[in-house]
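These notes are about the structure you will find just below.
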Amino acid sequence: MTTASAPGKIILFGEHAVVYGRPAIAAPVTQVHADVEVKDSPQHGIWIDAPDISLQAELTTLPRSHPLSAIIISTLNTLGVASRLSLAIHIHSSIPVASGLGSGAAVSVAIVRALSAHLGHPLADDQVNELAYGTERLYHGTPSGIDNTVITYACPVYFVKGRTIETLLVGAPFTIVIGDTGIPAPTKESVADVRRLWQADLARWEKVFDDVGELARRARQAIEMGDATLLGELMDLNHELLQSLTVSNPDLDRLVHVALITGALGAKLSGGGRGGNMIALVKPDRAEIVANALRTVGAKNTIITTIK
Ligand code: PMV
């Protein structure tokens with residue numbers, strides 16, 4: 001039996017603008033993860049068992065466009081493995097679906113790693129990343145690739161679409177509270193809406209993307225210097241720009257507001273928006289207080305994590 005695990009992720013700066021070539025910063029969240037187990041099966045075929053989504057099926061009975069069959073088939077193709085295999089693949093993820101924590105990418109990364117290792121050819125990170133990116137296209141349409149990248153390399157990254165990844169040196173650990181609105185929000189839709197805005201007034205939205213990109217550049221310096229106060233201010237500014245892009249909503253705004261009035265240094269939505277998660281930067285001794293306040297005003301779940 002072979003197992004592999006991949007973490008969730010948050011976007012600290014630059015979501016949406018990253019689709020248009022601006023830099024973004026993301027970090028892994030190890031408190032939630034996707035876990036995959038591959039073992040030889042007594043029955044011929046590739047048997048997938050994914051109880052979280054009530055799926056139990058043999059690979060060839062799924063449409064090829066299904067994200068799980070797509071990632072398994074593309075991994076087998078990369079390995080050049082013949083199709084007559086007898087395997088059982090068990091998939092479990094504690095990452096909430098469609099919440100901006102990277103559940104799809106984490107499942108893909110864990111499948112590629114467990115499957116390739118079980119077949120005796122563990123793939124290198126850049127191959128894992130490439131395969132997971134292929135499946136992200138099925139989930140999201142025009143993904144920047146930030147989710148699969150931060151999840152594959154499992155460390156904070158400064159990401160520009162199409163460029164070699166840059167890992168970040170964190171000057172001092174940062175404590176983040178993640179608050180889940182509990183509203184599932186498909187990234188594909190908010191990304192498509194932003195594209196419509198952009199197409200209707202290129203000059204206006206290119207300027208907003210530039211401003212977001214500039215915040216990400218400044219945030220990188222703040223992270224490397226360990227300057228939490230500056231980082232918090234930059235998060236607030238990023239949230240305002242995301243509001244102007246119409247991807248926030250009243251639930252996210254409420255959680256952001258409550259985080260700030262209970263002592264967060266800065267807060268913003270994280271990921272596609274319109275639901276899903278928000279993040280708040282806090283001093284470590286405020287983390288529980290902010291998390292409790294978020295749950296009191298409706299957050300379905302909170303996670304306290306450290307960026308280091
Ligand atoms: O998967 P999410 O919801 O964390 O969103 C990814 C970030 C976006 O910039 C909105 C989309 C992308 O492909 O980068």
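Residues in the structure tokens are numbered from 1 in each chain, the chains being A, B, ... in the order shown, and ligands are numbered from 1 in the order shown.
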Spatial neighbours of A:Leu12, max dist 10 Å, only C-alpha atoms, sep filter under 2 positions, as a VMD selection string
chain A and resid 9 to 10 14 to 15 24 to 27 156 to 158 176 216 219 231 235 238 267 to 271 278 to 281
Put those residues in a file: N, CA, C and O atoms, as a tab-separated table (two decimals), in the first residue's frame.
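part_19.tsv was written with the following content:
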```tsv
chain	number	residue	atom	x	y	z
A	9	LYS	N	-4.63	25.23	1.13
A	9	LYS	CA	-3.86	26.47	0.91
A	9	LYS	C	-4.75	27.71	1.12
A	9	LYS	O	-5.98	27.62	1.06
A	10	ILE	N	-4.09	28.84	1.38
A	10	ILE	CA	-4.79	30.12	1.34
A	10	ILE	C	-4.02	31.05	0.41
A	10	ILE	O	-2.81	30.91	0.26
A	14	GLY	N	-3.39	38.85	-3.90
A	14	GLY	CA	-3.33	38.83	-5.36
A	14	GLY	C	-4.29	37.93	-6.10
A	14	GLY	O	-4.13	37.79	-7.33
A	15	GLU	N	-5.29	37.31	-5.42
A	15	GLU	CA	-6.23	36.49	-6.19
A	15	GLU	C	-6.91	37.34	-7.26
A	15	GLU	O	-7.02	38.56	-7.12
A	24	ALA	N	1.10	37.03	-7.05
A	24	ALA	CA	0.23	36.69	-5.90
A	24	ALA	C	1.07	35.89	-4.91
A	24	ALA	O	2.13	35.35	-5.26
A	25	ILE	N	0.58	35.86	-3.67
A	25	ILE	CA	1.29	35.12	-2.61
A	25	ILE	C	0.31	34.12	-1.99
A	25	ILE	O	-0.82	34.48	-1.66
A	26	ALA	N	0.77	32.89	-1.85
A	26	ALA	CA	-0.07	31.86	-1.25
A	26	ALA	C	0.76	31.03	-0.28
A	26	ALA	O	1.99	31.01	-0.36
A	27	ALA	N	0.07	30.38	0.64
A	27	ALA	CA	0.77	29.56	1.64
A	27	ALA	C	-0.02	28.29	1.91
A	27	ALA	O	-1.26	28.29	1.83
A	156	PRO	N	5.35	28.65	1.42
A	156	PRO	CA	4.83	29.93	0.92
A	156	PRO	C	5.49	30.29	-0.41
A	156	PRO	O	6.71	30.13	-0.57
A	157	VAL	N	4.68	30.73	-1.38
A	157	VAL	CA	5.21	31.04	-2.71
A	157	VAL	C	4.79	32.43	-3.18
A	157	VAL	O	3.71	32.92	-2.84
A	158	TYR	N	5.69	33.03	-3.94
A	158	TYR	CA	5.41	34.25	-4.68
A	158	TYR	C	5.24	33.79	-6.10
A	158	TYR	O	6.17	33.26	-6.71
A	176	ILE	N	-2.43	33.33	11.28
A	176	ILE	CA	-3.61	33.64	10.46
A	176	ILE	C	-4.81	32.86	10.99
A	176	ILE	O	-4.71	31.67	11.27
A	216	ALA	N	0.94	42.97	-3.71
A	216	ALA	CA	1.62	41.67	-3.54
A	216	ALA	C	3.13	41.86	-3.45
A	216	ALA	O	3.81	41.21	-2.65
A	219	ALA	N	3.84	43.24	-0.11
A	219	ALA	CA	3.59	42.20	0.90
A	219	ALA	C	4.75	41.22	0.97
A	219	ALA	O	5.11	40.74	2.05
A	231	LEU	N	1.96	44.22	6.92
A	231	LEU	CA	1.26	43.15	6.20
A	231	LEU	C	-0.26	43.26	6.41
A	231	LEU	O	-1.04	43.10	5.46
A	235	MET	N	-3.23	43.84	3.63
A	235	MET	CA	-4.38	42.94	3.48
A	235	MET	C	-5.67	43.74	3.38
A	235	MET	O	-6.55	43.45	2.55
A	238	ASN	N	-5.95	45.19	0.01
A	238	ASN	CA	-6.27	44.16	-0.98
A	238	ASN	C	-7.75	43.81	-0.93
A	238	ASN	O	-8.41	43.63	-1.96
A	267	ALA	N	-7.38	42.03	7.42
A	267	ALA	CA	-8.22	40.89	7.03
A	267	ALA	C	-8.70	41.08	5.60
A	267	ALA	O	-8.83	42.21	5.12
A	268	LYS	N	-8.96	39.97	4.94
A	268	LYS	CA	-9.43	40.01	3.56
A	268	LYS	C	-10.09	38.69	3.19
A	268	LYS	O	-9.87	37.68	3.88
A	269	LEU	N	-10.83	38.70	2.11
A	269	LEU	CA	-11.31	37.42	1.59
A	269	LEU	C	-10.10	36.69	1.01
A	269	LEU	O	-9.07	37.30	0.70
A	270	SER	N	-10.21	35.38	0.84
A	270	SER	CA	-9.09	34.61	0.30
A	270	SER	C	-9.63	33.62	-0.73
A	270	SER	O	-10.52	32.83	-0.43
A	271	GLY	N	-9.10	33.71	-1.96
A	271	GLY	CA	-9.55	32.78	-3.00
A	271	GLY	C	-10.52	33.47	-3.94
A	271	GLY	O	-10.50	34.69	-4.11
A	278	MET	N	-12.39	33.71	4.43
A	278	MET	CA	-11.65	34.95	4.62
A	278	MET	C	-10.49	34.63	5.55
A	278	MET	O	-10.47	33.58	6.22
A	279	ILE	N	-9.50	35.52	5.57
A	279	ILE	CA	-8.36	35.32	6.46
A	279	ILE	C	-8.11	36.59	7.25
A	279	ILE	O	-8.36	37.69	6.76
A	280	ALA	N	-7.63	36.42	8.47
A	280	ALA	CA	-7.29	37.57	9.31
A	280	ALA	C	-5.89	37.34	9.89
A	280	ALA	O	-5.58	36.25	10.37
A	281	LEU	N	-5.07	38.37	9.79
A	281	LEU	CA	-3.72	38.30	10.38
A	281	LEU	C	-3.84	38.78	11.83
A	281	LEU	O	-4.39	39.85	12.08
```
For ligand 1, list the contacting residues at 7 Å or closer, counting only C-alpha atoms and all ligand atoms, as a compact mmCIF listing (two decimals) with C-alpha atoms, in the first residue's frame.
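That gives us part.txt:
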```
# COMPACT_ATOMS: atom_id res chain seq x y z
CA ILE A 10 -4.79 30.12 1.34
CA ILE A 11 -4.12 33.03 -0.96
CA GLY A 14 -3.33 38.83 -5.36
CA GLU A 15 -6.23 36.49 -6.19
CA HIS A 16 -8.00 37.30 -9.46
CA ALA A 17 -5.29 39.77 -10.58
CA VAL A 18 -2.99 36.70 -10.73
CA VAL A 19 -5.11 35.37 -13.60
CA ALA A 98 -15.45 25.05 -3.20
CA SER A 99 -14.29 27.17 -0.28
CA GLY A 100 -11.04 28.61 -1.64
CA LEU A 101 -8.81 26.20 0.30
CA GLY A 102 -7.62 24.29 -2.74
CA HIS A 140 -11.79 26.33 -13.00
CA THR A 142 -8.76 29.55 -16.78
CA PRO A 143 -6.78 28.92 -13.59
CA SER A 144 -3.59 30.83 -12.92
CA GLY A 145 -1.94 27.68 -11.52
CA ILE A 146 -1.34 29.16 -8.07
CA ASP A 147 -3.34 26.48 -6.20
CA THR A 187 -14.16 29.90 -8.39
CA VAL A 191 -13.34 34.35 -12.35
CA SER A 270 -9.09 34.61 0.30
CA GLY A 271 -9.55 32.78 -3.00
CA GLY A 272 -12.31 33.20 -5.54
CA GLY A 273 -14.66 35.08 -3.19
```
Give me, as a ChimeraX atom specification, all polymer residues having an atom no more than 9 Å from A:Gly141, counting only C-alpha atoms and skipping those fewer than 5 positions away in the same chain.
/A:136,188,191-192
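Using only C-alpha atoms, the smallest distance between any of A:Ile304, A:Ile89, A:Leu68, A:Val32 and A:Ile46 comes from A:Ile89.
Atom CA of A:Val112 to atom CA of A:Gly21 spans 27.1 Å [interatomic distance, one decimal].
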Near A:Ser93, counting only C-alpha atoms, which residues have an atom at most 9 Å away, once you skip same-chain residues fewer than 6 positions from it, shown as an mmCIF file with C-alpha atoms, in the first residue's frame?
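Writing done, so here's part14.cif:
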```cif
data_model
loop_
_atom_site.group_PDB
_atom_site.id
_atom_site.type_symbol
_atom_site.label_atom_id
_atom_site.label_comp_id
_atom_site.auth_asym_id
_atom_site.auth_seq_id
_atom_site.Cartn_x
_atom_site.Cartn_y
_atom_site.Cartn_z
ATOM 1 C CA VAL A 32 -6.506 20.381 6.453
ATOM 2 C CA HIS A 33 -5.339 17.872 3.849
ATOM 3 C CA ALA A 34 -6.183 15.387 1.144
ATOM 4 C CA ASP A 35 -5.043 11.810 1.767
ATOM 5 C CA VAL A 36 -4.808 9.123 -0.864
ATOM 6 C CA ALA A 50 -14.133 8.658 -2.473
ATOM 7 C CA ASP A 52 -16.614 12.362 0.902
ATOM 8 C CA SER A 103 -9.464 20.994 -2.238
ATOM 9 C CA ALA A 106 -4.802 18.898 -3.130
ATOM 10 C CA VAL A 107 -6.705 15.767 -4.170
#
```
For A:Leu168, which residue among A:Ala222, A:Leu215, A:Ala287, A:Ala200 is the nearest when counting only C-alpha atoms?
A:Ala222
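What separates atom CA of A:Val97 from atom CA of A:Ser248 is a distance of 18.3 Å.
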